[in-house]
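Inspection log for the structure reproduced underneath, given as structure tokens.
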Amino acid sequence: MAEENKEYTFESPEYRKTYWHTCSHVLAQAVKRLYPEVKLAIGPAIEEGFYYDMDSPFPFTPEILEKIEGEMRKICKEKLKLERFELPRIEAIRFMEEKGEPYKVELINDLPEDAVISFYKQGEFTDLCAGPHVDSTGRIKGNGIKLTACNAAYWRGDSKRQTLQRIYGIAFPKKEELDAYLARIEEAKKRDHRKLGKELGLFTLLDEGPGFPFFLPKGMVLRNTLLDYWRQVHKKYGYVEISTPIILNQELWHRSGHWDHYKNNMYTTVIDGEDYAVKPMNCPGGMLVYKTEPHSYRDLPLRMAELGLVHRHELSGALHGLFRVRCFTQDDAHIFMTWDQMEGEIQNVVRLFDEVYSVFGLSYQIEVSTMPEDHIGEKETWDFATETLKRAIEHMGKDYVINEGDGAFYGPKLDFHLADSLGRTWQCGTIQLDMQMPERFELEYVGEDGQKHRPVMIHRVVLGSIERFIGVITEHFAGAFPAWLSPVQVKVLTVTDRADDYAKEIAAGLDAQGFRSEVDNRNEKIGKKIREAQLQKIPYMLVVGDRDIENKTVSVRHRSGEDLGAMSLDAFAAMLKAEVDSQEIK
RNA sequence: GCUGCUAUAGCUCAGUUGGUAGAGCGCAUCCUUGGUAAGGAUGAGGUCCCCGGUUCAAAUCCGGGCAGCAGCUCCA
């Protein structure tokens, strides 16, 4: 773009990338001016902003980042022209050696034989770079730049190599846009499920069990309500439910292949001198249940669901609230079927996903994950399974992207990434097609022809992990769950203690109809009770005072702030029932 | 696991150059009986994450560990 003399619009994704890419060069230039001893690695533009990886003998503190920001603003003011030039490989290497940039030398060495080796020069600073860039550092708005963080990153993404320091930044052509961006980040932090989980009394994580969440009474109501719904919808889609043990003999895990491919993440124990393992997945248990009796083709597809508690030893640094834990409940199911049933059954699962996600107002993006390096089975089987998955969703008119080499060790999968209300995505649902486990466990069914055949299997989860899903919807709803899910649906607030008995009657009446209510009859003013119920994001507040006692009414307030006025308890209950039954989001 | 940062009351946080601790909220008691987002007073509550070191003296300085946060790696 530097070469072209056209109008720039920041709204175009290409130009944003170019703009941010130049910012990363300005960042590197600023660092080299202030700290010449720092070695440069790589500095690209990313989805939102840019970063530069550097090898520095000292950590970049927030104070240092501010200093660097200041220098960056100066560089913008200097309006340095960006000029591109090329060098033959030998000269390019010598050039970077002379500058004392070993990481750049390594990058050049690893470029393909026929690569054009280009550089961009701005003032005294030159960087190895394929471009493109804006034509002058004057294009960058100095006070629209913010260095947001400094963190560690491995050189070339390899955990065995040098740890570098990565400075992240963001930049906009207008200061107001930067402020809006920073405000959005602040908003996201308010929705963080770890913060809301504590404030709303949903769950907690304690030192005594890192990565092992505790569910508190309110979180448990939410969880059980979610699971009631889950059972109801699975019944509708023809599933049966099973439960298999958490600890099983290690021999089973050898047979399933988990031991060879997953043992680093498995917890083990010894019982009566024999080795056992805590299950990291539910499938082997499901296989064993399938084998407890002979099956006819008439039984298929057999859809066996299991809310299975699995344990996985995740790296300590990977733990993150309920999103990444060491023990979680998968809303698993294993579907056994004939080859003919595959496509239809995959689509049946996708329809179930659509129904469930739409209840929460969640949209998704599908990824097709293909054969990983570390896999079992033949490539031909994998190709067939992958094609079947793709074809099934293509016939439903669904879009997808390919995630090369990210499949499970036993088969390819469709991953459903859910976007929360801030546009961040989390993998929840997955549909995995498996032709390996039925083989390893020698599963059979008797066909129409009276012969034994091998079924095919689908592994699938909709919510993914109950824990993660609760985290996702907590952020998605910012803690204001729809009435059907809210741990407390109604809070009855007394104006004076003369209303105590009446309030208890109201709450008892609601409880009798299956609603979840609480009474706040503390010796506090009504304004304070409302404020607290509001902060707890309770959908409905029923204010009861002398007027209500006299008129046999409740004064209804919704958490949106709307005053719905006085009405009879029956009228309110009917309204709430309609809202709960429809699973309305409001 | 790696790099950096953080750890003080149930929660959110102060704590000056080393002299064994404070606020607000919450909780308890009392006053107050107040109609749609915080009424007032009093009081209880702390092994300053754990272990070790320096020092007459450590919440504070140093080392090690556990945990959390950010990111990287990983997420079958």
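Within each chain, counting starts at residue 1; across the structure tokens, chains are named A, B, ... in the order shown, with ligands numbered 1 upward in that order.
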What residues in chain B lie within 7 Å of chain A, counting only C-alpha atoms (C1' of nucleotides), written as an mmCIF file with C-alpha atoms (C1' of nucleotides), in the first residue's frame?
```
data_model
loop_
_atom_site.group_PDB
_atom_site.id
_atom_site.type_symbol
_atom_site.label_atom_id
_atom_site.label_comp_id
_atom_site.auth_asym_id
_atom_site.auth_seq_id
_atom_site.Cartn_x
_atom_site.Cartn_y
_atom_site.Cartn_z
ATOM 1 C "C1'" G B 1 5.110 -26.245 32.165
ATOM 2 C "C1'" U B 3 7.963 -15.465 31.409
ATOM 3 C "C1'" G B 4 6.230 -11.380 34.175
ATOM 4 C "C1'" U B 33 -41.263 1.794 60.052
ATOM 5 C "C1'" G B 34 -39.060 4.186 55.567
ATOM 6 C "C1'" G B 35 -43.260 2.707 48.500
ATOM 7 C "C1'" U B 36 -38.986 1.475 43.615
ATOM 8 C "C1'" A B 37 -30.839 1.512 43.104
ATOM 9 C "C1'" A B 38 -27.296 2.617 49.546
ATOM 10 C "C1'" A B 67 -2.172 -20.356 44.622
ATOM 11 C "C1'" A B 70 -1.902 -11.827 31.822
ATOM 12 C "C1'" G B 71 0.093 -14.130 27.776
ATOM 13 C "C1'" C B 72 2.733 -18.285 25.432
ATOM 14 C "C1'" U B 73 2.596 -23.626 24.890
ATOM 15 C "C1'" A B 76 -7.045 -35.899 22.679
#
```
* **strand (DSSP E) positions in region 204-342 of chain A, given as a PyMOL selection string** => chain A and resi 204+214-215+240-241+247-249+268-271+274-278+302-311+327-337
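From CA of Lys218 (chain A) back to CA of Asp570 (chain A), the distance works out to 25.9 Å.
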* To do: Would you list, as JSON, numbers by chain, the residues of region 135-328 of chain A that end up in helix (DSSP H, G or I) under DSSP run on this structure's backbone?
  => {"A": [137, 138, 139, 142, 143, 144, 155, 156, 157, 175, 176, 177, 178, 179, 180, 181, 182, 183, 184, 185, 186, 187, 188, 189, 190, 193, 194, 195, 196, 197, 198, 199, 217, 218, 219, 220, 221, 222, 223, 224, 225, 226, 227, 228, 229, 230, 231, 232, 233, 234, 235, 236, 250, 251, 252, 253, 254, 255, 256, 258, 259, 260, 261, 262, 263, 264, 265, 283, 284, 285, 286, 287, 288, 289, 290, 297, 298, 299, 316, 317, 318]}
* To do: Check the smallest atom-to-atom distance from each of A:Ile402, A:Val359, A:Leu227, A:Ala478 to Asp581 (chain A) using only C-alpha atoms, then report the winner.
  =>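 Looking only at the distances to Asp581 (chain A), the closest residue turns out to be A:Val359.
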* Asked: Of the residues A:Phe203, A:Tyr51, A:Phe172, A:Phe336, which is the one nearest to Tyr239 (chain A), using only C-alpha atoms?
  -> A:Phe336
* **Counting only C-alpha atoms, the option among A:Val26, A:Tyr276, A:Asn403, A:Gly411 closest to Phe384 (chain A)** =>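 Looking at the shortest contact to Phe384 (chain A), the residue is A:Gly411.
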* Structure fact -> C1' of A41 (chain B) sits from C1' of U29 (chain B) at a separation of 10.4 Å
